[in-house]
file query_20.tsv (TSV, C-alpha atoms)
chain	number	residue	atom	x	y	z
A	20	MET	CA	-14.46	-85.93	-240.65
A	21	ASP	CA	-13.15	-87.04	-244.03
A	22	VAL	CA	-14.34	-84.44	-246.53
A	23	ARG	CA	-13.14	-86.07	-249.70
A	24	GLY	CA	-14.15	-89.51	-248.46
A	25	TYR	CA	-17.59	-88.13	-247.54
A	26	GLU	CA	-17.47	-89.64	-244.07
A	27	THR	CA	-18.28	-88.28	-240.66
A	28	GLU	CA	-17.74	-89.95	-237.32
A	29	ARG	CA	-20.94	-91.96	-237.54
A	30	THR	CA	-22.09	-91.68	-241.15
A	31	ALA	CA	-20.87	-92.36	-244.66
A	32	LEU	CA	-22.35	-90.62	-247.68
A	33	ARG	CA	-22.47	-92.73	-250.81
A	34	ALA	CA	-23.99	-92.76	-254.28
A	35	LEU	CA	-27.52	-94.10	-254.44
A	36	GLU	CA	-28.28	-97.32	-256.30
A	37	PRO	CA	-31.63	-98.58	-257.67
A	38	GLU	CA	-31.93	-101.08	-254.80
A	39	ASP	CA	-31.93	-98.20	-252.31
A	40	ALA	CA	-35.49	-97.42	-253.38
A	41	THR	CA	-36.91	-99.78	-250.75
A	42	PRO	CA	-35.28	-98.28	-247.63
A	43	ILE	CA	-35.74	-94.76	-248.93
A	44	GLN	CA	-39.42	-95.36	-249.61
A	45	ALA	CA	-39.83	-96.61	-246.04
A	46	TYR	CA	-38.68	-93.39	-244.43
A	47	LEU	CA	-40.09	-91.05	-247.08
A	48	ASN	CA	-43.59	-92.34	-246.31
A	49	ASP	CA	-43.28	-91.57	-242.62
A	50	ALA	CA	-45.96	-88.92	-242.03
A	51	ALA	CA	-43.46	-86.73	-240.18
A	52	LEU	CA	-41.43	-86.25	-243.36
A	53	ILE	CA	-44.15	-85.56	-245.90
A	54	GLY	CA	-43.76	-82.05	-247.20
A	55	CYS	CA	-40.05	-81.88	-246.45
A	56	ARG	CA	-38.60	-84.85	-248.33
A	57	HIS	CA	-36.38	-82.94	-250.76
A	58	LEU	CA	-37.72	-84.80	-253.78
A	59	PRO	CA	-37.09	-83.80	-257.39
A	60	TRP	CA	-39.47	-81.11	-258.67
A	61	SER	CA	-41.19	-83.65	-260.91
A	62	LEU	CA	-42.54	-85.60	-257.92
A	63	GLN	CA	-45.32	-84.58	-255.57
A	64	ASP	CA	-44.53	-84.05	-251.91
A	65	VAL	CA	-47.95	-84.27	-250.27
A	66	ALA	CA	-48.78	-87.99	-250.35
A	67	PRO	CA	-47.13	-91.40	-249.97
A	68	VAL	CA	-44.78	-92.39	-252.79
A	69	SER	CA	-44.40	-95.79	-254.43
A	70	ARG	CA	-41.20	-97.74	-254.79
A	71	ALA	CA	-41.30	-96.96	-258.52
A	72	GLN	CA	-41.59	-93.24	-257.79
A	73	VAL	CA	-38.60	-93.42	-255.46
A	74	ALA	CA	-36.67	-95.31	-258.12
A	75	ALA	CA	-37.51	-92.50	-260.54
A	76	ALA	CA	-36.26	-89.97	-257.99
A	77	ILE	CA	-32.98	-91.85	-257.62
A	78	GLU	CA	-32.60	-91.86	-261.39
A	79	GLU	CA	-33.38	-88.13	-261.53
A	80	TRP	CA	-30.86	-87.36	-258.78
A	81	GLY	CA	-28.28	-89.38	-260.68
A	82	LYS	CA	-28.60	-87.14	-263.72
A	83	ALA	CA	-27.42	-84.03	-261.86
A	84	LYS	CA	-24.42	-82.44	-263.51
A	85	ALA	CA	-24.07	-79.56	-261.06
A	86	GLY	CA	-24.45	-81.02	-257.63
A	87	PHE	CA	-25.33	-84.35	-256.11
A	88	THR	CA	-27.75	-86.20	-253.87
A	89	LEU	CA	-26.16	-88.94	-251.80
A	90	GLY	CA	-27.48	-91.58	-249.44
A	91	ILE	CA	-26.59	-91.29	-245.75
A	92	GLU	CA	-25.53	-94.62	-244.29
A	93	ALA	CA	-25.16	-95.20	-240.56
A	94	LYS	CA	-21.74	-96.74	-240.06
A	95	ALA	CA	-22.86	-98.77	-237.06
A	96	SER	CA	-25.72	-100.55	-238.79
A	97	GLY	CA	-24.90	-100.12	-242.47
A	98	ARG	CA	-28.49	-98.95	-242.96
A	99	LEU	CA	-29.54	-96.07	-245.16
A	100	ILE	CA	-30.98	-93.45	-242.80
A	101	GLY	CA	-31.43	-90.47	-245.08
A	102	HIS	CA	-30.25	-88.54	-248.08
A	103	ALA	CA	-28.57	-85.19	-248.57
A	104	GLY	CA	-27.69	-83.02	-251.47
A	105	CYS	CA	-25.99	-79.93	-252.79
A	106	ASP	CA	-27.20	-78.21	-255.94
A	107	TRP	CA	-25.33	-75.53	-257.87
A	108	ASN	CA	-27.17	-75.91	-261.13
A	109	TRP	CA	-28.15	-72.22	-261.15
A	110	ASP	CA	-24.82	-70.82	-259.99
A	111	PRO	CA	-21.91	-72.39	-258.11
A	112	HIS	CA	-21.60	-69.01	-256.38
A	113	CYS	CA	-24.79	-69.70	-254.40
A	114	PRO	CA	-25.53	-73.44	-254.12
A	115	SER	CA	-28.28	-74.89	-251.99
A	116	LEU	CA	-27.97	-77.57	-249.34
A	117	ALA	CA	-30.56	-80.07	-248.09
A	118	VAL	CA	-30.38	-82.86	-245.52
A	119	VAL	CA	-33.15	-85.39	-244.88
A	120	ILE	CA	-32.90	-87.84	-241.96
A	121	ALA	CA	-35.39	-90.64	-241.31
A	122	PRO	CA	-37.61	-89.60	-238.40
A	123	SER	CA	-36.57	-92.65	-236.39
A	124	GLN	CA	-32.93	-91.50	-236.59
A	125	GLN	CA	-33.48	-87.82	-235.84
A	126	ARG	CA	-32.36	-85.94	-232.73
A	127	ALA	CA	-29.13	-87.92	-232.48
A	128	GLY	CA	-26.87	-85.37	-234.15
A	129	LEU	CA	-26.47	-87.34	-237.37
A	130	GLY	CA	-27.96	-84.58	-239.52
A	131	SER	CA	-25.58	-82.11	-237.93
A	132	GLU	CA	-22.59	-84.27	-238.80
A	133	VAL	CA	-23.76	-84.46	-242.40
A	134	SER	CA	-24.46	-80.73	-242.61
A	135	ARG	CA	-21.02	-79.87	-241.27
A	136	LEU	CA	-19.47	-82.23	-243.82
A	137	LEU	CA	-21.40	-80.80	-246.76
A	138	LEU	CA	-20.62	-77.24	-245.76
A	139	GLU	CA	-16.95	-78.23	-245.79
A	140	VAL	CA	-17.44	-79.73	-249.25
A	141	LEU	CA	-19.15	-76.60	-250.57
A	142	PHE	CA	-16.80	-74.06	-249.05
A	143	LEU	CA	-13.52	-75.99	-249.47
A	144	GLU	CA	-14.12	-77.84	-252.72
A	145	THR	CA	-16.34	-75.45	-254.73
A	146	PRO	CA	-16.45	-71.66	-255.33
A	147	ALA	CA	-19.52	-71.28	-253.09
A	148	HIS	CA	-19.86	-67.83	-251.55
A	149	THR	CA	-23.43	-67.99	-250.19
A	150	VAL	CA	-25.01	-71.32	-249.28
A	151	ILE	CA	-28.79	-71.30	-249.34
A	152	GLY	CA	-31.39	-73.47	-247.65
A	153	TRP	CA	-35.11	-73.69	-248.31
A	154	LEU	CA	-37.40	-74.62	-245.44
A	155	THR	CA	-41.09	-74.42	-244.73
A	156	SER	CA	-42.55	-72.17	-242.07
A	157	TRP	CA	-44.30	-75.08	-240.33
A	158	ASN	CA	-41.05	-76.98	-239.86
A	159	ALA	CA	-39.80	-75.52	-236.58
A	160	PRO	CA	-37.18	-78.24	-235.98
A	161	ALA	CA	-35.63	-77.58	-239.38
A	162	LEU	CA	-35.55	-73.84	-238.74
A	163	ALA	CA	-33.79	-74.43	-235.41
A	164	PHE	CA	-31.40	-76.85	-237.12
A	165	ALA	CA	-30.47	-74.27	-239.75
A	166	ALA	CA	-29.91	-71.59	-237.11
A	167	ALA	CA	-27.71	-73.95	-235.11
A	168	HIS	CA	-25.49	-74.34	-238.17
A	169	GLY	CA	-25.10	-70.60	-238.61
A	170	PHE	CA	-27.73	-69.95	-241.26
A	171	SER	CA	-29.69	-66.69	-241.04
A	172	GLU	CA	-33.26	-66.24	-242.18
A	173	CYS	CA	-33.13	-63.96	-245.21
A	174	GLY	CA	-36.63	-64.30	-246.57
A	175	ARG	CA	-40.14	-65.52	-246.13
A	176	ILE	CA	-41.83	-66.21	-249.45
A	177	PRO	CA	-45.59	-66.23	-248.98
A	178	ARG	CA	-48.10	-68.88	-249.94
A	179	ALA	CA	-45.73	-71.68	-250.82
A	180	GLY	CA	-48.52	-74.16	-250.22
A	181	LEU	CA	-51.34	-75.25	-247.93
A	182	ARG	CA	-51.08	-77.30	-244.78
A	183	ASP	CA	-53.66	-77.87	-242.05
A	184	GLY	CA	-56.01	-75.46	-243.78
A	185	ALA	CA	-53.64	-72.52	-243.85
A	186	TYR	CA	-51.04	-71.14	-246.19
A	187	TYR	CA	-47.47	-71.70	-245.23
A	188	ASP	CA	-44.41	-69.77	-246.36
A	189	ASP	CA	-41.08	-70.85	-247.75
A	190	ILE	CA	-38.33	-69.67	-245.43
A	191	VAL	CA	-35.04	-68.91	-247.13
A	192	VAL	CA	-31.85	-69.10	-245.09
A	193	ASP	CA	-28.33	-68.18	-246.13
A	194	LEU	CA	-24.79	-68.61	-244.84
A	195	LEU	CA	-21.87	-66.59	-246.17
A	196	ARG	CA	-18.42	-68.07	-246.57
A	197	ARG	CA	-16.91	-65.55	-244.12
A	198	GLU	CA	-19.55	-66.41	-241.50
A	199	TRP	CA	-18.84	-70.10	-241.91
A	200	LEU	CA	-15.10	-69.43	-241.59
A	201	ALA	CA	-15.60	-67.37	-238.45
A	202	ARG	CA	-17.67	-70.12	-236.83
A	203	ARG	CA	-15.20	-72.75	-237.88
A	204	GLY	CA	-12.14	-70.89	-236.69
A	205	GLY	CA	-10.09	-70.89	-239.88
A	206	GLY	CA	-9.86	-71.70	-243.53
A	207	GLY	CA	-7.80	-74.86	-243.80
A	208	ARG	CA	-8.90	-78.43	-243.34
A	209	ASP	CA	-10.31	-78.98	-239.85
A	210	GLY	CA	-10.19	-75.23	-239.28
A	211	ALA	CA	-6.39	-75.12	-239.31
B	10	MET	CA	-60.40	-61.44	-274.76
B	11	ALA	CA	-57.05	-60.12	-275.88
B	12	LEU	CA	-54.33	-59.54	-273.35
B	13	GLU	CA	-54.43	-55.81	-273.92
B	14	GLY	CA	-53.52	-52.82	-271.84
B	15	ALA	CA	-53.55	-49.09	-272.47
B	16	LEU	CA	-50.22	-49.16	-274.28
B	17	VAL	CA	-49.50	-52.76	-275.22
B	18	VAL	CA	-50.92	-56.01	-276.47
B	19	LEU	CA	-49.41	-59.30	-275.36
B	20	ARG	CA	-49.48	-62.00	-277.99
B	21	GLU	CA	-47.97	-65.43	-278.66
B	22	GLU	CA	-44.42	-65.48	-279.92
B	23	GLN	CA	-43.81	-66.08	-283.62
B	24	ARG	CA	-40.81	-67.19	-285.57
B	25	GLU	CA	-40.06	-63.69	-286.84
B	26	ASP	CA	-39.80	-62.43	-283.24
B	27	GLN	CA	-36.70	-64.51	-282.63
B	28	LYS	CA	-34.34	-61.86	-284.03
B	29	LEU	CA	-35.41	-59.46	-281.30
B	30	PHE	CA	-35.09	-62.15	-278.64
B	31	ALA	CA	-31.49	-62.82	-279.70
B	32	GLU	CA	-30.72	-59.11	-279.56
B	33	LEU	CA	-32.23	-58.76	-276.08
B	34	ARG	CA	-30.38	-61.87	-274.89
B	35	ASN	CA	-27.07	-60.53	-276.16
B	36	ASP	CA	-27.36	-57.17	-274.41
B	37	LEU	CA	-26.02	-57.48	-270.87
B	38	ASP	CA	-28.32	-54.63	-269.83
B	39	THR	CA	-31.48	-56.36	-271.02
B	40	GLN	CA	-30.72	-59.95	-270.09
B	41	ALA	CA	-32.20	-59.14	-266.69
B	42	TRP	CA	-30.91	-62.40	-265.25
B	43	ASN	CA	-29.03	-62.86	-262.02
B	44	LEU	CA	-26.41	-64.75	-263.99
B	45	ALA	CA	-24.86	-63.13	-267.04
B	46	LEU	CA	-24.90	-65.12	-270.27
B	47	PRO	CA	-22.36	-64.73	-273.05
B	48	PRO	CA	-23.53	-62.33	-275.77
B	49	SER	CA	-23.23	-65.02	-278.39
B	50	TYR	CA	-26.78	-66.21	-279.00
B	51	THR	CA	-27.94	-66.20	-282.59
B	52	GLU	CA	-31.31	-65.80	-284.20
B	53	GLU	CA	-30.92	-69.35	-285.53
B	54	MET	CA	-30.55	-70.73	-282.00
B	55	HIS	CA	-33.74	-68.97	-280.96
B	56	VAL	CA	-35.58	-70.22	-284.04
B	57	LYS	CA	-34.56	-73.80	-283.18
B	58	ARG	CA	-35.88	-73.32	-279.64
B	59	PHE	CA	-39.09	-71.89	-281.08
B	60	ASP	CA	-39.50	-74.76	-283.56
B	61	ALA	CA	-38.98	-77.32	-280.78
B	62	MET	CA	-42.00	-76.11	-278.81
B	63	GLU	CA	-44.84	-78.61	-278.76
B	64	PHE	CA	-48.54	-78.34	-278.18
B	65	SER	CA	-49.58	-79.20	-274.62
B	66	TYR	CA	-52.51	-78.69	-272.29
B	67	GLU	CA	-50.11	-78.88	-269.36
B	68	ARG	CA	-48.25	-75.64	-269.77
B	69	ARG	CA	-46.22	-74.56	-266.77
B	70	SER	CA	-44.72	-71.53	-268.46
B	71	ALA	CA	-45.40	-69.08	-271.25
B	72	ARG	CA	-43.61	-66.28	-273.03
B	73	LEU	CA	-45.64	-63.46	-274.54
B	74	VAL	CA	-44.42	-60.80	-276.90
B	75	ILE	CA	-45.06	-57.18	-275.97
B	76	VAL	CA	-46.40	-55.19	-278.93
B	77	HIS	CA	-46.54	-51.42	-278.64
B	78	LYS	CA	-50.04	-50.54	-279.77
B	79	GLU	CA	-49.34	-47.08	-281.12
B	80	THR	CA	-46.49	-48.08	-283.42
B	81	GLY	CA	-46.90	-51.83	-283.75
B	82	ALA	CA	-43.25	-52.22	-282.75
B	83	LEU	CA	-42.02	-55.15	-280.66
B	84	ALA	CA	-41.09	-53.81	-277.24
B	85	GLY	CA	-39.82	-57.02	-275.62
B	86	TYR	CA	-41.35	-59.99	-273.90
B	87	ILE	CA	-42.87	-61.00	-270.61
B	88	SER	CA	-43.10	-64.51	-269.25
B	89	TYR	CA	-44.19	-66.69	-266.40
B	90	THR	CA	-42.52	-69.89	-265.24
B	91	ASP	CA	-42.72	-72.44	-262.41
B	92	LEU	CA	-46.51	-72.37	-262.56
B	93	GLN	CA	-48.17	-74.26	-259.72
B	94	PRO	CA	-51.77	-74.24	-260.94
B	95	ARG	CA	-54.17	-72.21	-258.79
B	96	LEU	CA	-51.29	-71.27	-256.52
B	97	SER	CA	-48.22	-69.50	-257.80
B	98	ALA	CA	-45.89	-68.57	-260.64
B	99	SER	CA	-42.82	-66.41	-261.23
B	100	ILE	CA	-42.74	-63.71	-263.86
B	101	GLY	CA	-39.93	-62.24	-265.91
B	102	LEU	CA	-39.83	-59.14	-268.09
B	103	VAL	CA	-37.39	-57.94	-270.74
B	104	VAL	CA	-38.00	-54.62	-272.50
B	105	ALA	CA	-35.95	-53.19	-275.36
B	106	LYS	CA	-34.05	-50.04	-274.45
B	107	PRO	CA	-36.03	-47.66	-276.71
B	108	PHE	CA	-39.07	-48.45	-274.54
B	109	TRP	CA	-37.40	-47.87	-271.19
B	110	GLY	CA	-39.15	-45.10	-269.27
B	111	THR	CA	-42.24	-45.16	-271.48
B	112	ARG	CA	-44.57	-47.05	-269.07
B	113	VAL	CA	-44.70	-49.92	-271.57
B	114	ALA	CA	-43.09	-52.26	-269.03
B	115	LEU	CA	-45.58	-51.38	-266.31
B	116	ASP	CA	-48.50	-51.78	-268.68
B	117	ALA	CA	-47.25	-55.19	-269.84
B	118	GLN	CA	-46.69	-56.28	-266.25
B	119	GLU	CA	-50.22	-55.24	-265.27
B	120	VAL	CA	-51.73	-57.07	-268.24
B	121	LEU	CA	-49.91	-60.28	-267.34
B	122	LEU	CA	-50.85	-59.96	-263.66
B	123	ARG	CA	-54.49	-59.55	-264.65
B	124	PHE	CA	-54.23	-62.80	-266.61
B	125	LEU	CA	-52.49	-64.64	-263.77
B	126	PHE	CA	-54.91	-63.53	-261.08
B	127	HIS	CA	-58.19	-63.24	-263.06
B	128	GLU	CA	-57.81	-66.17	-265.42
B	129	LEU	CA	-55.39	-68.60	-263.79
B	130	GLY	CA	-56.62	-67.92	-260.26
B	131	LEU	CA	-53.17	-67.72	-258.70
B	132	ARG	CA	-52.78	-66.85	-255.02
B	133	VAL	CA	-49.34	-65.31	-255.33
B	134	VAL	CA	-46.95	-64.18	-258.04
B	135	HIS	CA	-43.19	-63.87	-257.55
B	136	LEU	CA	-40.29	-62.40	-259.47
B	137	TRP	CA	-36.54	-62.68	-259.04
B	138	THR	CA	-34.10	-59.83	-259.49
B	139	HIS	CA	-31.07	-58.41	-257.68
B	140	SER	CA	-30.13	-55.35	-255.68
B	141	GLY	CA	-28.18	-53.89	-258.59
B	142	ASN	CA	-31.34	-53.48	-260.67
B	143	PRO	CA	-33.30	-50.66	-259.01
B	144	ARG	CA	-35.29	-50.16	-262.20
B	145	ALA	CA	-36.73	-53.69	-261.91
B	146	VAL	CA	-37.37	-53.31	-258.18
B	147	GLY	CA	-39.15	-49.98	-258.69
B	148	LEU	CA	-41.25	-51.36	-261.52
B	149	ALA	CA	-42.31	-54.33	-259.40
B	150	GLU	CA	-43.17	-52.07	-256.47
B	151	LYS	CA	-45.44	-50.01	-258.75
B	152	SER	CA	-47.56	-53.14	-259.19
B	153	GLY	CA	-47.56	-53.88	-255.48
B	154	PHE	CA	-44.72	-56.40	-255.23
B	155	ARG	CA	-42.75	-56.35	-252.00
B	156	ILE	CA	-39.36	-57.90	-251.28
B	157	SER	CA	-39.95	-61.25	-249.60
B	158	ALA	CA	-36.39	-62.53	-249.60
B	159	ARG	CA	-32.99	-60.88	-249.79
B	160	ILE	CA	-30.37	-63.59	-250.23
B	161	ARG	CA	-27.14	-61.92	-249.29
B	162	GLU	CA	-24.38	-61.57	-251.87
B	163	ALA	CA	-25.83	-64.38	-253.95
B	164	THR	CA	-25.50	-62.52	-257.24
B	165	TYR	CA	-22.27	-61.43	-258.90
B	166	ARG	CA	-22.70	-59.15	-261.89
B	167	ASN	CA	-20.93	-56.21	-263.44
B	168	GLY	CA	-18.05	-56.62	-261.02
B	169	ARG	CA	-20.20	-56.34	-257.91
B	170	LEU	CA	-21.51	-58.67	-255.23
B	171	LEU	CA	-25.24	-58.08	-255.01
B	172	ASP	CA	-28.16	-59.47	-253.07
B	173	THR	CA	-30.57	-61.76	-254.90
B	174	LEU	CA	-34.10	-60.46	-254.34
B	175	VAL	CA	-37.34	-62.37	-254.44
B	176	MET	CA	-40.40	-60.12	-254.70
B	177	SER	CA	-43.94	-61.33	-254.14
B	178	LEU	CA	-47.46	-60.07	-254.76
B	179	THR	CA	-50.32	-61.93	-253.10
B	180	ARG	CA	-53.81	-62.12	-254.50
B	181	ASP	CA	-55.00	-59.95	-251.60
B	182	GLY	CA	-52.33	-57.39	-252.34
B	183	TYR	CA	-53.32	-57.31	-255.98
B	184	GLY	CA	-57.00	-56.88	-255.10
B	185	GLU	CA	-56.24	-53.95	-252.80
B	186	ARG	CA	-54.75	-52.05	-255.74
B	187	HIS	CA	-57.43	-52.96	-258.25
B	188	ALA	CA	-60.93	-51.85	-257.26
B	189	GLU	CA	-62.28	-53.43	-260.44
B	190	PHE	CA	-61.10	-56.85	-259.29
B	191	GLN	CA	-64.22	-58.49	-257.90
B	192	ASP	CA	-62.68	-61.64	-256.53
B	193	THR	CA	-65.22	-64.45	-256.54
B	194	LEU	CA	-62.62	-67.18	-256.14
B	195	PRO	CA	-62.94	-68.46	-252.57
B	196	ASP	CA	-59.78	-68.38	-250.53
B	197	PRO	CA	-59.10	-72.03	-249.64
B	198	THR	CA	-58.26	-71.04	-246.08
B	199	ALA	CA	-61.12	-68.61	-245.44
B	200	LEU	CA	-63.74	-70.99	-244.04
B	201	LEU	CA	-61.18	-72.76	-241.89
B	202	ARG	CA	-59.95	-69.75	-239.97
B	203	PRO	CA	-60.96	-69.76	-236.31
call {"tool": "encode", "arguments": {"input": "query_20.tsv", "output": "structure tokens"}}
result
Amino acid sequence: MDVRGYETERTALRALEPEDATPIQAYLNDAALIGCRHLPWSLQDVAPVSRAQVAAAIEEWGKAKAGFTLGIEAKASGRLIGHAGCDWNWDPHCPSLAVVIAPSQQRAGLGSEVSRLLLEVLFLETPAHTVIGWLTSWNAPALAFAAAHGFSECGRIPRAGLRDGAYYDDIVVDLLRREWLARRGGGGRDGA
Amino acid sequence: MALEGALVVLREEQREDQKLFAELRNDLDTQAWNLALPPSYTEEMHVKRFDAMEFSYERRSARLVIVHKETGALAGYISYTDLQPRLSASIGLVVAKPFWGTRVALDAQEVLLRFLFHELGLRVVHLWTHSGNPRAVGLAEKSGFRISARIREATYRNGRLLDTLVMSLTRDGYGERHAEFQDTLPDPTALLRP
């Protein structure tokens, strides 16, 4: 893993460009992702999005001064397979982390590679003390993913929205720097 | 219908209120934020913010001034933000120190909750605070809020690592504490439950 180069074994994270709107739109409109697409607050997350809306999202992400959203490229194919971001706009002490992988590319460990990389970025390159994730209660795979990366459920905020005729909750998960260090086996690069 | 309680009236903010807002912002005890701000805000800065506000029918937030009915004095302000219409919002409350312990804060909170649940038809109201502010937690609990998230050590203030707290009050929870609340707004999930 190359933290400062933003590369993992099989992925490379890179800045998003306007022409990325087409591949991003393709996976964002997969029904399996709707409701968990990590879009800017100004965009809806319950219905298909247009290419112009995705272009607006890319522009919005590009304005971030405290954090970033990057495209995830599969090294093997050179294709954009997702996006991921860190946000410390409120407080660099407690940034949030989000990873979105195209459904067709899920369950291959790519999201895990990216999560491990971004946790290294946050804990080695920023003053992060508590990293936070926001998930929805209906998204069991995401909850399992967060747990597998050491996050603990620290809250369940009721009535975040409606899905399938029922309210769902926002699940908040957190990971402390000392917990991350303990799992990693040390504080230097590559756990040394 | 005025936003009026037993002790307070909530009204729109006015330019002459900005002096108090600057004073409350510059007092580390009354900022009430998870993240401390430098005590260097001026009345002029607040007036500029006030003057920049524009008319809109798509308001997602509001700040209301708390007026103490008995004396006419300004006691602070209460706000809501992050409004998701017919669903949720977060509230915030800042009360000047002379009014601490006078039940003014609780009265203002109840008046705003009545507006949010009766008029805006919200299904849940949240607030954010931290574990080093037992006064805020206790006040919220008096209105029925319960802690829904405790984000560990996510706040650093006054030299201490503290937990960030999210507290929530559902429409049902509000109704249970207010017998006068005859809720005629159908729950969107009610007819769909098995």
call {"tool": "residues_around", "arguments": {"input": "query_20.tsv", "residues": "stretch 124-130 of chain A", "least_positions_apart": "2", "cutoff": "10 Å", "atoms": "only C-alpha atoms", "output": "NGL selection string"}}
result
:A and (27-30 or 46 or 91 or 93 or 100-103 or 118-122 or 132-136 or 160 or 164)
call {"tool": "closest_residue", "arguments": {"input": "query_20.tsv", "among": "A:Asp21, A:Glu38, A:Asp188, A:Asp193", "to": "A:Ile151", "atoms": "all atoms listed in the file"}}
result
A:Asp193
call {"tool": "atom_distance", "arguments": {"input": "query_20.tsv", "atom1": "atom CA of A:Ala83", "atom2": "atom CA of A:Glu36"}}
result
14.4 Å
call {"tool": "residues_around", "arguments": {"input": "query_20.tsv", "residues": "B:Ala114", "least_positions_apart": "3", "cutoff": "9 Å", "atoms": "all atoms listed in the file", "output": "number ranges by chain"}}
result
B: 17, 75, 84-85, 87, 102-104, 108-111, 117-119, 148
call {"tool": "atom_distance", "arguments": {"input": "query_20.tsv", "atom1": "atom CA of B:Tyr86", "atom2": "atom CA of B:Leu115"}}
result
12.2 Å
call {"tool": "build_atoms", "arguments": {"input": "query_20.tsv", "residues": "stretch 144-155 of chain A", "atoms": "N, CA and C atoms", "output": "JSON list (two decimals), in the frame of the given file"}}
result
[["chain", "number", "residue", "atom", "x", "y", "z"],
["A", 144, "GLU", "N", -14.33, -77.13, -251.46],
["A", 144, "GLU", "CA", -14.12, -77.84, -252.72],
["A", 144, "GLU", "C", -14.85, -77.19, -253.91],
["A", 145, "THR", "N", -15.63, -76.14, -253.64],
["A", 145, "THR", "CA", -16.34, -75.45, -254.73],
["A", 145, "THR", "C", -16.21, -73.94, -254.50],
["A", 146, "PRO", "N", -16.57, -73.12, -255.49],
["A", 146, "PRO", "CA", -16.45, -71.66, -255.33],
["A", 146, "PRO", "C", -17.61, -71.04, -254.54],
["A", 147, "ALA", "N", -18.34, -71.81, -253.79],
["A", 147, "ALA", "CA", -19.52, -71.28, -253.09],
["A", 147, "ALA", "C", -19.19, -70.05, -252.26],
["A", 148, "HIS", "N", -20.01, -69.04, -252.37],
["A", 148, "HIS", "CA", -19.86, -67.83, -251.55],
["A", 148, "HIS", "C", -21.02, -67.70, -250.56],
["A", 149, "THR", "N", -22.23, -68.02, -251.03],
["A", 149, "THR", "CA", -23.43, -67.99, -250.19],
["A", 149, "THR", "C", -24.11, -69.35, -250.33],
["A", 150, "VAL", "N", -24.28, -70.05, -249.23],
["A", 150, "VAL", "CA", -25.01, -71.32, -249.28],
["A", 150, "VAL", "C", -26.44, -71.05, -248.81],
["A", 151, "ILE", "N", -27.37, -71.60, -249.55],
["A", 151, "ILE", "CA", -28.79, -71.30, -249.34],
["A", 151, "ILE", "C", -29.53, -72.55, -248.90],
["A", 152, "GLY", "N", -30.50, -72.38, -248.03],
["A", 152, "GLY", "CA", -31.39, -73.47, -247.65],
["A", 152, "GLY", "C", -32.84, -73.03, -247.78],
["A", 153, "TRP", "N", -33.67, -73.96, -248.18],
["A", 153, "TRP", "CA", -35.11, -73.69, -248.31],
["A", 153, "TRP", "C", -35.87, -74.56, -247.31],
["A", 154, "LEU", "N", -36.65, -73.91, -246.47],
["A", 154, "LEU", "CA", -37.40, -74.62, -245.44],
["A", 154, "LEU", "C", -38.85, -74.16, -245.49],
["A", 155, "THR", "N", -39.69, -74.87, -244.79],
["A", 155, "THR", "CA", -41.09, -74.42, -244.73],
["A", 155, "THR", "C", -41.38, -73.85, -243.35]]
